[in-house]
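Enquirer: Below you'll find start-v9.cif; it's mmCIF, C-alpha atoms, pLDDT in the B column; chains and numbers go by the auth columns.
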data_data
loop_
_atom_site.group_PDB
_atom_site.id
_atom_site.type_symbol
_atom_site.label_atom_id
_atom_site.label_comp_id
_atom_site.label_asym_id
_atom_site.label_seq_id
_atom_site.Cartn_x
_atom_site.Cartn_y
_atom_site.Cartn_z
_atom_site.B_iso_or_equiv
_atom_site.auth_seq_id
_atom_site.auth_asym_id
ATOM 1 C CA MET A 1 -8.762 10.422 -2.763 51.00 1 A
ATOM 2 C CA LYS A 2 -5.438 10.015 -4.506 69.00 2 A
ATOM 3 C CA LYS A 3 -4.011 6.563 -3.929 88.00 3 A
ATOM 4 C CA SER A 4 -0.643 6.242 -2.242 95.00 4 A
ATOM 5 C CA ILE A 5 2.308 4.974 -4.272 97.00 5 A
ATOM 6 C CA ALA A 6 4.653 2.383 -2.768 98.00 6 A
ATOM 7 C CA LEU A 7 7.878 1.116 -4.298 98.00 7 A
ATOM 8 C CA ILE A 8 9.037 -2.251 -2.961 97.00 8 A
ATOM 9 C CA THR A 9 12.395 -3.404 -4.253 97.00 9 A
ATOM 10 C CA GLY A 10 12.813 -7.114 -4.853 94.00 10 A
ATOM 11 C CA SER A 11 9.056 -7.616 -4.789 95.00 11 A
ATOM 12 C CA SER A 12 8.490 -10.188 -7.518 93.00 12 A
ATOM 13 C CA ARG A 13 8.934 -12.989 -4.966 91.00 13 A
ATOM 14 C CA GLY A 14 9.629 -13.797 -1.320 91.00 14 A
ATOM 15 C CA ILE A 15 9.370 -11.123 1.362 93.00 15 A
ATOM 16 C CA GLY A 16 8.874 -8.301 -1.124 94.00 16 A
ATOM 17 C CA LYS A 17 5.995 -10.055 -2.833 95.00 17 A
ATOM 18 C CA ALA A 18 4.270 -10.683 0.494 96.00 18 A
ATOM 19 C CA ILE A 19 4.639 -6.988 1.352 97.00 19 A
ATOM 20 C CA ALA A 20 3.251 -6.012 -2.043 97.00 20 A
ATOM 21 C CA LYS A 21 0.205 -8.229 -1.496 96.00 21 A
ATOM 22 C CA GLU A 22 -0.423 -6.650 1.891 96.00 22 A
ATOM 23 C CA LEU A 23 -0.117 -3.108 0.598 97.00 23 A
ATOM 24 C CA CYS A 24 -2.298 -3.850 -2.414 96.00 24 A
ATOM 25 C CA SER A 25 -4.982 -5.088 -0.040 94.00 25 A
ATOM 26 C CA GLU A 26 -4.685 -1.756 1.786 94.00 26 A
ATOM 27 C CA GLY A 27 -5.325 0.207 -1.411 95.00 27 A
ATOM 28 C CA TYR A 28 -1.787 1.197 -2.352 97.00 28 A
ATOM 29 C CA ILE A 29 -0.604 1.314 -5.926 97.00 29 A
ATOM 30 C CA THR A 30 2.433 -0.941 -5.626 97.00 30 A
ATOM 31 C CA VAL A 31 5.434 -0.828 -7.938 98.00 31 A
ATOM 32 C CA ILE A 32 6.699 -4.379 -8.349 97.00 32 A
ATOM 33 C CA ASN A 33 10.437 -4.473 -8.881 94.00 33 A
ATOM 34 C CA GLY A 34 12.687 -7.370 -9.825 93.00 34 A
ATOM 35 C CA THR A 35 15.378 -8.324 -12.307 91.00 35 A
ATOM 36 C CA ASN A 36 13.383 -10.996 -14.161 93.00 36 A
ATOM 37 C CA PRO A 37 10.715 -9.428 -16.429 94.00 37 A
ATOM 38 C CA GLU A 38 8.675 -12.641 -16.556 96.00 38 A
ATOM 39 C CA THR A 39 8.554 -12.994 -12.769 95.00 39 A
ATOM 40 C CA VAL A 40 7.652 -9.317 -12.397 96.00 40 A
ATOM 41 C CA GLU A 41 4.830 -9.674 -14.929 96.00 41 A
ATOM 42 C CA GLU A 42 3.508 -12.814 -13.219 96.00 42 A
ATOM 43 C CA THR A 43 3.415 -11.038 -9.861 96.00 43 A
ATOM 44 C CA VAL A 44 1.682 -7.972 -11.300 97.00 44 A
ATOM 45 C CA ASN A 45 -0.952 -10.135 -12.987 97.00 45 A
ATOM 46 C CA GLU A 46 -1.496 -12.124 -9.802 96.00 46 A
ATOM 47 C CA LEU A 47 -1.993 -9.027 -7.658 97.00 47 A
ATOM 48 C CA ASN A 48 -4.219 -7.269 -10.173 96.00 48 A
ATOM 49 C CA GLY A 49 -6.234 -10.448 -10.631 95.00 49 A
ATOM 50 C CA LYS A 50 -7.047 -10.325 -6.914 92.00 50 A
ATOM 51 C CA GLY A 51 -8.313 -6.756 -7.089 91.00 51 A
ATOM 52 C CA GLY A 52 -5.050 -4.945 -6.364 91.00 52 A
ATOM 53 C CA GLN A 53 -3.404 -2.214 -8.362 95.00 53 A
ATOM 54 C CA ALA A 54 0.176 -3.062 -9.234 97.00 54 A
ATOM 55 C CA VAL A 55 2.588 -2.043 -11.971 97.00 55 A
ATOM 56 C CA GLY A 56 5.824 -3.731 -12.954 96.00 56 A
ATOM 57 C CA LEU A 57 9.315 -2.313 -13.129 95.00 57 A
ATOM 58 C CA ALA A 58 11.882 -4.918 -14.170 93.00 58 A
ATOM 59 C CA LYS A 59 15.316 -3.459 -13.512 89.00 59 A
ATOM 60 C CA ASP A 60 18.776 -4.761 -12.699 88.00 60 A
ATOM 61 C CA LEU A 61 19.424 -2.968 -9.430 90.00 61 A
ATOM 62 C CA LEU A 62 23.213 -3.193 -9.670 89.00 62 A
ATOM 63 C CA THR A 63 23.549 -1.252 -12.929 91.00 63 A
ATOM 64 C CA PRO A 64 25.025 2.269 -12.760 90.00 64 A
ATOM 65 C CA ASN A 65 22.489 4.963 -11.832 93.00 65 A
ATOM 66 C CA ALA A 66 19.763 2.369 -11.278 94.00 66 A
ATOM 67 C CA ALA A 67 18.375 4.222 -8.252 95.00 67 A
ATOM 68 C CA PRO A 68 17.626 7.617 -9.867 96.00 68 A
ATOM 69 C CA ARG A 69 16.347 5.905 -13.008 95.00 69 A
ATOM 70 C CA ILE A 70 13.842 3.906 -10.958 96.00 70 A
ATOM 71 C CA ILE A 71 12.617 6.934 -9.021 97.00 71 A
ATOM 72 C CA ASN A 72 12.404 9.086 -12.165 97.00 72 A
ATOM 73 C CA TRP A 73 10.267 6.404 -13.829 96.00 73 A
ATOM 74 C CA ILE A 74 7.874 6.390 -10.882 97.00 74 A
ATOM 75 C CA ILE A 75 7.638 10.179 -10.836 97.00 75 A
ATOM 76 C CA ASP A 76 6.958 10.233 -14.582 97.00 76 A
ATOM 77 C CA GLN A 77 4.206 7.636 -14.144 96.00 77 A
ATOM 78 C CA PHE A 78 2.542 8.848 -10.945 96.00 78 A
ATOM 79 C CA GLY A 79 3.877 12.278 -10.067 95.00 79 A
ATOM 80 C CA GLY A 80 5.124 11.237 -6.635 96.00 80 A
ATOM 81 C CA ILE A 81 5.993 8.483 -4.198 98.00 81 A
ATOM 82 C CA ASP A 82 4.670 7.970 -0.670 97.00 82 A
ATOM 83 C CA VAL A 83 6.339 4.823 0.658 98.00 83 A
ATOM 84 C CA LEU A 84 9.721 3.272 -0.112 98.00 84 A
ATOM 85 C CA VAL A 85 10.400 -0.274 1.045 98.00 85 A
ATOM 86 C CA ASN A 86 14.085 -1.196 0.723 97.00 86 A
ATOM 87 C CA ASN A 87 13.713 -4.956 0.624 96.00 87 A
ATOM 88 C CA ALA A 88 16.017 -6.242 -2.134 94.00 88 A
ATOM 89 C CA GLY A 89 19.106 -7.887 -0.747 91.00 89 A
ATOM 90 C CA ILE A 90 21.642 -10.657 -1.071 90.00 90 A
ATOM 91 C CA ALA A 91 23.200 -12.982 1.497 85.00 91 A
ATOM 92 C CA ARG A 92 26.700 -14.288 0.963 82.00 92 A
ATOM 93 C CA ILE A 93 27.242 -17.158 3.385 82.00 93 A
ATOM 94 C CA THR A 94 30.869 -18.066 2.882 84.00 94 A
ATOM 95 C CA PRO A 95 34.087 -18.330 4.910 89.00 95 A
ATOM 96 C CA PHE A 96 35.789 -14.957 5.236 92.00 96 A
ATOM 97 C CA GLU A 97 38.976 -16.109 3.515 93.00 97 A
ATOM 98 C CA GLU A 98 36.995 -17.149 0.441 92.00 98 A
ATOM 99 C CA ALA A 99 35.221 -13.835 -0.066 89.00 99 A
ATOM 100 C CA ASP A 100 36.459 -11.846 -3.034 93.00 100 A
ATOM 101 C CA GLU A 101 35.942 -8.304 -4.299 94.00 101 A
ATOM 102 C CA GLN A 102 33.038 -9.299 -6.509 94.00 102 A
ATOM 103 C CA ASP A 103 31.227 -10.801 -3.515 93.00 103 A
ATOM 104 C CA PHE A 104 31.897 -7.609 -1.561 95.00 104 A
ATOM 105 C CA ASP A 105 30.772 -5.289 -4.360 94.00 105 A
ATOM 106 C CA GLU A 106 27.545 -7.218 -5.010 94.00 106 A
ATOM 107 C CA THR A 107 26.659 -7.521 -1.323 95.00 107 A
ATOM 108 C CA MET A 108 27.365 -3.912 -0.451 96.00 108 A
ATOM 109 C CA GLY A 109 25.900 -2.715 -3.739 95.00 109 A
ATOM 110 C CA LEU A 110 22.526 -4.350 -3.208 95.00 110 A
ATOM 111 C CA ASN A 111 22.280 -4.195 0.578 96.00 111 A
ATOM 112 C CA VAL A 112 23.732 -0.723 1.195 97.00 112 A
ATOM 113 C CA LYS A 113 24.445 1.339 -1.919 96.00 113 A
ATOM 114 C CA LEU A 114 21.060 0.783 -3.555 96.00 114 A
ATOM 115 C CA PRO A 115 18.964 1.693 -0.463 97.00 115 A
ATOM 116 C CA MET A 116 21.115 4.775 0.098 97.00 116 A
ATOM 117 C CA PHE A 117 20.762 6.178 -3.388 97.00 117 A
ATOM 118 C CA LEU A 118 17.131 5.117 -3.826 97.00 118 A
ATOM 119 C CA THR A 119 16.386 7.016 -0.643 97.00 119 A
ATOM 120 C CA GLN A 120 18.411 9.992 -1.839 97.00 120 A
ATOM 121 C CA ALA A 121 16.599 10.083 -5.174 97.00 121 A
ATOM 122 C CA ALA A 122 13.163 9.613 -3.594 98.00 122 A
ATOM 123 C CA LEU A 123 13.696 11.999 -0.680 98.00 123 A
ATOM 124 C CA PRO A 124 12.422 15.251 -2.257 97.00 124 A
ATOM 125 C CA TYR A 125 9.206 13.529 -3.314 98.00 125 A
ATOM 126 C CA LEU A 126 8.759 11.626 -0.055 98.00 126 A
ATOM 127 C CA LEU A 127 8.978 14.877 1.886 97.00 127 A
ATOM 128 C CA GLU A 128 6.066 16.231 -0.180 96.00 128 A
ATOM 129 C CA SER A 129 3.898 13.216 0.706 96.00 129 A
ATOM 130 C CA ARG A 130 1.464 13.128 3.603 92.00 130 A
ATOM 131 C CA GLU A 131 2.802 9.649 4.475 93.00 131 A
ATOM 132 C CA LYS A 132 6.567 10.033 3.815 95.00 132 A
ATOM 133 C CA ALA A 133 7.674 6.631 5.097 96.00 133 A
ATOM 134 C CA ILE A 134 10.689 4.393 4.457 97.00 134 A
ATOM 135 C CA VAL A 135 10.802 0.774 5.615 97.00 135 A
ATOM 136 C CA ASN A 136 14.095 -1.106 5.474 97.00 136 A
ATOM 137 C CA ILE A 137 14.305 -4.881 5.648 95.00 137 A
ATOM 138 C CA SER A 138 17.535 -5.389 7.581 92.00 138 A
ATOM 139 C CA SER A 139 18.426 -8.608 9.419 90.00 139 A
ATOM 140 C CA MET A 140 18.967 -10.145 12.818 87.00 140 A
ATOM 141 C CA VAL A 141 22.678 -10.316 11.940 87.00 141 A
ATOM 142 C CA ALA A 142 22.838 -6.562 12.508 87.00 142 A
ATOM 143 C CA HIS A 143 22.506 -7.457 16.200 87.00 143 A
ATOM 144 C CA LYS A 144 23.686 -11.041 16.547 84.00 144 A
ATOM 145 C CA THR A 145 25.779 -12.683 13.896 80.00 145 A
ATOM 146 C CA TYR A 146 26.797 -16.249 13.114 81.00 146 A
ATOM 147 C CA GLU A 147 29.604 -18.139 11.406 84.00 147 A
ATOM 148 C CA ASN A 148 30.492 -17.384 7.789 86.00 148 A
ATOM 149 C CA ARG A 149 28.376 -14.202 7.718 88.00 149 A
ATOM 150 C CA VAL A 150 31.078 -11.515 7.623 92.00 150 A
ATOM 151 C CA LEU A 151 29.967 -9.871 4.368 92.00 151 A
ATOM 152 C CA TYR A 152 26.256 -10.165 5.091 92.00 152 A
ATOM 153 C CA THR A 153 26.672 -8.897 8.645 93.00 153 A
ATOM 154 C CA THR A 154 28.797 -5.963 7.521 94.00 154 A
ATOM 155 C CA SER A 155 26.185 -4.894 4.985 95.00 155 A
ATOM 156 C CA LYS A 156 23.256 -5.125 7.387 94.00 156 A
ATOM 157 C CA TYR A 157 25.109 -3.228 10.114 94.00 157 A
ATOM 158 C CA ALA A 158 25.772 -0.532 7.527 96.00 158 A
ATOM 159 C CA LEU A 159 22.151 -0.406 6.357 96.00 159 A
ATOM 160 C CA THR A 160 20.775 -0.221 9.885 94.00 160 A
ATOM 161 C CA GLY A 161 23.261 2.430 10.991 94.00 161 A
ATOM 162 C CA MET A 162 22.766 4.503 7.859 95.00 162 A
ATOM 163 C CA MET A 163 19.007 4.621 8.257 94.00 163 A
ATOM 164 C CA LYS A 164 19.137 5.391 11.972 93.00 164 A
ATOM 165 C CA ALA A 165 21.423 8.329 11.209 95.00 165 A
ATOM 166 C CA LEU A 166 19.180 9.490 8.366 96.00 166 A
ATOM 167 C CA SER A 167 16.157 9.392 10.657 93.00 167 A
ATOM 168 C CA LYS A 168 17.847 11.893 12.977 93.00 168 A
ATOM 169 C CA ASP A 169 18.380 14.269 10.057 95.00 169 A
ATOM 170 C CA TYR A 170 14.782 14.235 8.810 95.00 170 A
ATOM 171 C CA ILE A 171 12.500 13.340 11.695 91.00 171 A
ATOM 172 C CA SER A 172 11.764 17.049 12.230 92.00 172 A
ATOM 173 C CA GLN A 173 10.322 17.132 8.702 94.00 173 A
ATOM 174 C CA GLY A 174 7.990 14.239 9.449 93.00 174 A
ATOM 175 C CA LEU A 175 9.886 11.547 7.564 95.00 175 A
ATOM 176 C CA ARG A 176 9.334 8.185 9.234 95.00 176 A
ATOM 177 C CA ILE A 177 12.117 5.626 8.818 96.00 177 A
ATOM 178 C CA TYR A 178 11.707 2.105 10.141 95.00 178 A
ATOM 179 C CA ASN A 179 14.066 -0.868 10.232 95.00 179 A
ATOM 180 C CA ILE A 180 12.767 -4.421 10.477 95.00 180 A
ATOM 181 C CA SER A 181 15.411 -6.955 11.497 92.00 181 A
ATOM 182 C CA PRO A 182 14.069 -10.480 11.045 90.00 182 A
ATOM 183 C CA GLY A 183 15.665 -13.780 11.843 81.00 183 A
ATOM 184 C CA SER A 184 15.439 -16.621 9.337 78.00 184 A
ATOM 185 C CA VAL A 185 12.628 -16.119 6.833 81.00 185 A
ATOM 186 C CA ASP A 186 11.286 -18.865 4.594 70.00 186 A
ATOM 187 C CA THR A 187 12.450 -17.612 1.184 69.00 187 A
ATOM 188 C CA ASP A 188 14.051 -19.109 -1.907 67.00 188 A
ATOM 189 C CA MET A 189 17.314 -17.336 -1.032 67.00 189 A
ATOM 190 C CA LEU A 190 17.477 -18.928 2.410 64.00 190 A
ATOM 191 C CA ARG A 191 16.616 -22.370 1.061 62.00 191 A
ATOM 192 C CA ARG A 192 19.472 -22.090 -1.433 65.00 192 A
ATOM 193 C CA GLU A 193 21.987 -21.007 1.187 60.00 193 A
ATOM 194 C CA CYS A 194 20.732 -23.287 3.987 63.00 194 A
ATOM 195 C CA PRO A 195 19.014 -26.284 2.351 64.00 195 A
ATOM 196 C CA ASP A 196 18.939 -28.311 5.585 68.00 196 A
ATOM 197 C CA MET A 197 16.797 -25.856 7.553 67.00 197 A
ATOM 198 C CA ASP A 198 13.250 -26.851 8.524 63.00 198 A
ATOM 199 C CA PRO A 199 10.790 -24.409 6.840 65.00 199 A
ATOM 200 C CA GLY A 200 8.289 -25.100 9.607 66.00 200 A
ATOM 201 C CA LYS A 201 10.557 -23.328 12.092 73.00 201 A
ATOM 202 C CA LEU A 202 11.128 -20.207 10.009 82.00 202 A
ATOM 203 C CA ILE A 203 9.467 -16.810 9.981 85.00 203 A
ATOM 204 C CA GLN A 204 6.987 -16.568 7.119 88.00 204 A
ATOM 205 C CA PRO A 205 7.133 -13.652 4.637 91.00 205 A
ATOM 206 C CA GLU A 206 3.560 -12.786 5.591 93.00 206 A
ATOM 207 C CA ASP A 207 4.758 -12.025 9.126 93.00 207 A
ATOM 208 C CA LEU A 208 7.018 -9.298 7.765 94.00 208 A
ATOM 209 C CA ALA A 209 4.267 -8.008 5.491 96.00 209 A
ATOM 210 C CA ARG A 210 1.900 -7.554 8.435 96.00 210 A
ATOM 211 C CA THR A 211 4.699 -5.806 10.341 95.00 211 A
ATOM 212 C CA VAL A 212 5.153 -3.337 7.484 97.00 212 A
ATOM 213 C CA LYS A 213 1.396 -2.701 7.460 96.00 213 A
ATOM 214 C CA PHE A 214 1.478 -2.005 11.198 95.00 214 A
ATOM 215 C CA LEU A 215 4.380 0.440 10.914 95.00 215 A
ATOM 216 C CA LEU A 216 2.694 2.365 8.108 94.00 216 A
ATOM 217 C CA SER A 217 -0.419 2.703 10.256 93.00 217 A
ATOM 218 C CA LEU A 218 1.495 4.804 12.829 89.00 218 A
ATOM 219 C CA THR A 219 0.567 8.257 11.589 81.00 219 A
ATOM 220 C CA GLY A 220 0.449 10.027 14.952 77.00 220 A
ATOM 221 C CA ASN A 221 3.230 10.865 17.379 81.00 221 A
ATOM 222 C CA ALA A 222 4.265 7.260 17.945 78.00 222 A
ATOM 223 C CA GLN A 223 7.671 6.423 16.492 80.00 223 A
ATOM 224 C CA ILE A 224 9.253 2.975 16.325 87.00 224 A
ATOM 225 C CA ASP A 225 12.827 2.982 15.120 86.00 225 A
ATOM 226 C CA GLU A 226 13.263 -0.759 14.748 91.00 226 A
ATOM 227 C CA ILE A 227 11.421 -4.033 15.130 91.00 227 A
ATOM 228 C CA ILE A 228 13.271 -7.301 15.651 91.00 228 A
ATOM 229 C CA LEU A 229 11.406 -10.442 14.568 87.00 229 A
ATOM 230 C CA ARG A 230 12.998 -13.469 16.154 83.00 230 A
ATOM 231 C CA CYS A 231 12.377 -17.099 15.280 79.00 231 A
ATOM 232 C CA LYS A 232 11.077 -19.056 18.257 75.00 232 A
ATOM 233 C CA SER A 233 13.554 -21.837 17.493 67.00 233 A
ATOM 234 C CA ASN A 234 16.364 -19.306 16.762 57.00 234 A
ATOM 235 C CA PRO A 235 17.940 -20.995 13.713 54.00 235 A
ATOM 236 C CA PRO A 236 21.435 -19.806 12.795 48.00 236 A
ATOM 237 C CA ILE A 237 21.040 -16.876 10.438 50.00 237 A
#
Mind turning this structure into C-alpha cells?

Expert:
Amino acid sequence: MKKSIALITGSSRGIGKAIAKELCSEGYITVINGTNPETVEETVNELNGKGGQAVGLAKDLLTPNAAPRIINWIIDQFGGIDVLVNNAGIARITPFEEADEQDFDETMGLNVKLPMFLTQAALPYLLESREKAIVNISSMVAHKTYENRVLYTTSKYALTGMMKALSKDYISQGLRIYNISPGSVDTDMLRRECPDMDPGKLIQPEDLARTVKFLLSLTGNAQIDEIILRCKSNPPI
C-alpha cells in the first residue's frame, strides 16, 4: 500500500516534533519542516534511526510565496499529500501599547497567513487523497485569553474561525478539518516567554501528538470540529 504523506510545519522541535514522531510510528512519511537546517536534519536522522520514514524541508515560512513552494516541493517528491498539520506559530506576549507593526506582521504571518495559503496550495491534492485531513494547532486563548496576549489572541481567533468556515465549505467533499486548542504546553517557546512556569504543571507535547493520532483515526461518519486540552492547574496562557 502507498504510504500516506504528512506535512507538519514547525516540526523540528517541540509540539511539531512530537507529532512527527507519533505519525512516523503510525507508518506515515513525515515531512519535517523548520527554519534551521541543522535542527531539521537532526530530527530527520533521529526519526529515521528509530525506524520511521522522514524527510527534511528547511524553509523560512515567512518568505514570500513560501506556502506554494513548500507544497510544490512535496508534490514533486511524492506526487501528493494526505495530511497537513498547521503547527508552526509564534507567541508575542507583550503589552498592547508596545506592539509594533513588525510584531503584528510576524504573528499574523506565521499564525494565520501561512496556514491559510498552505491549505490553499495543498487543497487540490488533499481532495484527491483518501484521508484528506487538516489539523490546526490553535490555542486556549482562542476561547479564554489573558493579560498581554492581544496579538497572540487575535491570531488564534483568526486561525480557529478561518478553519471552521473552511470546514463548512468542504465537508461535503470529505475534507476533515480539526482544531486543537491546548493550554500551556511545555515547549522552548513557552519557557522563553514564561520562564517562571513550573514544567511539571504543563501539557506535554506528547499529549497533543496522541490527540492528533486520535483525530486522524476518525475515518467514518464521526466528526470532531475542535478539541480543547486544558491544563489541570490552568496556568495563565

Enquirer: Can you check which parts of region 85-163 of chain A lie within 9 Å of region 39-62 of chain A? Per residue, the shortest pair of atoms and distance in Å to one decimal, counting all atoms listed in the file, sorted by chain and number, as a tab-separated table.

Expert:
residue	atom	partner	partner_atom	distance
A:Ala88	CA	A:Leu61	CA	8.7
A:Glu106	CA	A:Leu62	CA	7.5
A:Gly109	CA	A:Leu62	CA	6.5
A:Leu110	CA	A:Leu62	CA	6.6
A:Leu114	CA	A:Leu61	CA	7.2

Enquirer: Residues of the last selection are to be written out with C-alpha atoms, as a PDB file, keeping the file's coordinate frame.

Expert:
ATOM      1  CA  ALA A  88      16.017  -6.242  -2.134  1.00 94.00           C
ATOM      2  CA  GLU A 106      27.545  -7.218  -5.010  1.00 94.00           C
ATOM      3  CA  GLY A 109      25.900  -2.715  -3.739  1.00 95.00           C
ATOM      4  CA  LEU A 110      22.526  -4.350  -3.208  1.00 95.00           C
ATOM      5  CA  LEU A 114      21.060   0.783  -3.555  1.00 96.00           C
TER       6      LEU A 114
END

Enquirer: Take CA of Ile134 (chain A) and CA of Ile70 (chain A) and report the distance between them in Å, one decimal.

Expert: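 The value is 15.7 Å.
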
Enquirer: Residues of region 105-150 of chain A within 9 Å of region 167-174 of chain A: nearest atom pair and distance (Å, one decimal) for each, counting all atoms listed in the file, sorted by chain and number, as a Markdown table?

Expert:
| residue | atom | partner | partner_atom | distance |
| --- | --- | --- | --- | --- |
| A:Leu127 | CA | A:Gln173 | CA | 7.3 |
| A:Arg130 | CA | A:Gly174 | CA | 8.8 |
| A:Glu131 | CA | A:Gly174 | CA | 8.5 |
| A:Lys132 | CA | A:Gly174 | CA | 7.2 |
| A:Ala133 | CA | A:Gly174 | CA | 8.8 |

Enquirer: Can you write out the residues you just picked, keeping C-alpha atoms, as a PDB file, in the coordinates of the input?

Expert:
ATOM      1  CA  LEU A 127       8.978  14.877   1.886  1.00 97.00           C
ATOM      2  CA  ARG A 130       1.464  13.128   3.603  1.00 92.00           C
ATOM      3  CA  GLU A 131       2.802   9.649   4.475  1.00 93.00           C
ATOM      4  CA  LYS A 132       6.567  10.033   3.815  1.00 95.00           C
ATOM      5  CA  ALA A 133       7.674   6.631   5.097  1.00 96.00           C
TER       6      ALA A 133
END

Enquirer: How many Å separate CA of Tyr152 (chain A) from CA of Ser12 (chain A)?

Expert: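 So the answer is 21.8 Å.
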
Enquirer: Here is a test: counting all atoms listed in the file, which residue of A:Phe104, A:Val135, A:Lys17, A:Tyr125 is nearest to Thr154 (chain A)?

Expert: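 That would be A:Phe104, the residue with the smallest distance to Thr154 (chain A).
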
Enquirer: CA of Ala209 (chain A) and CA of Val150 (chain A), how far apart in Å?

Expert: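 Interatomic distance here is 27.1 Å.
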
Enquirer: Specify as a ChimeraX atom specification each residue included when the PyMOL selection byres ((chain A and resi 84) around 10) is applied to this file.

Expert: /A:5-9,31,81-83,85-87,115,118-119,122-123,126,132-136,177

Enquirer: Check the smallest atom-to-atom distance from each of A:Gly80, A:Pro205, A:Gly220, A:Pro68 to Ala20 (chain A) using only C-alpha atoms, then report the winner.

Expert: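 Of A:Gly80, A:Pro205, A:Gly220, A:Pro68, the one nearest Ala20 (chain A), counting only C-alpha atoms, is A:Pro205.
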
Enquirer: Under the rule that all atoms listed in the file are counted, which of A:Arg176, A:Lys232, A:Arg92, A:His143 is the nearest residue to Ile203 (chain A)?

Expert: A:Lys232

Enquirer: Using the chain letters and numbers from the file, give me the residues hit by the PyMOL selection byres ((chain A and resi 214) around 12), as a PyMOL selection string.

Expert: chain A and resi 19+22-23+26+135+178+180+207-213+215-219+222-224+227

Enquirer: Any idea what's packed within 8 Å of Ser155 (chain A), counting only C-alpha atoms, ignoring anything in its chain fewer than 6 positions away? Could you give it as a list in words?

Expert: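 The filter keeps Thr107, Met108, Asn111 and Val112 of chain A.
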
Enquirer: Which of these residues is nearest to Pro37 (chain A), using all atoms listed in the file: A:Ser11, A:Ser25, A:Asn179, A:Gln77?

Expert: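 Using all atoms listed in the file, the shortest distance to Pro37 (chain A) belongs to A:Ser11.
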
Enquirer: From the set A:Gly89, A:Gly161, A:Pro124, A:Gly10, which residue has the shortest atom-to-atom contact distance to Asn72 (chain A), counting all atoms listed in the file?

Expert: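 For Asn72 (chain A), the nearest of the candidates is A:Pro124.
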
Enquirer: Using all atoms listed in the file, which of the listed residues (A:Gln204, A:Ser139, A:Ser129, A:Thr63) sits closest to Asp105 (chain A)?

Expert: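 Using all atoms listed in the file, Asp105 (chain A) sits closest to A:Thr63.
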
Enquirer: With the file shown as input, list the residues that the PyMOL selection byres ((chain A and resi 160) around 9) selects, as a VMD selection string.

Expert: chain A and resid 136 138 to 139 142 155 to 159 161 to 165 179 181 226

Enquirer: Output as AutoDock Vina command-line options the centre and edge lengths (Å, one decimal) of the box along x, y and z of the file that holds every listed atom of region 32-41 of chain A after adding 4 Å on each side.

Expert:
--center_x 10.1 --center_y -8.7 --center_z -12.5 --size_x 18.5 --size_y 16.6 --size_z 16.2
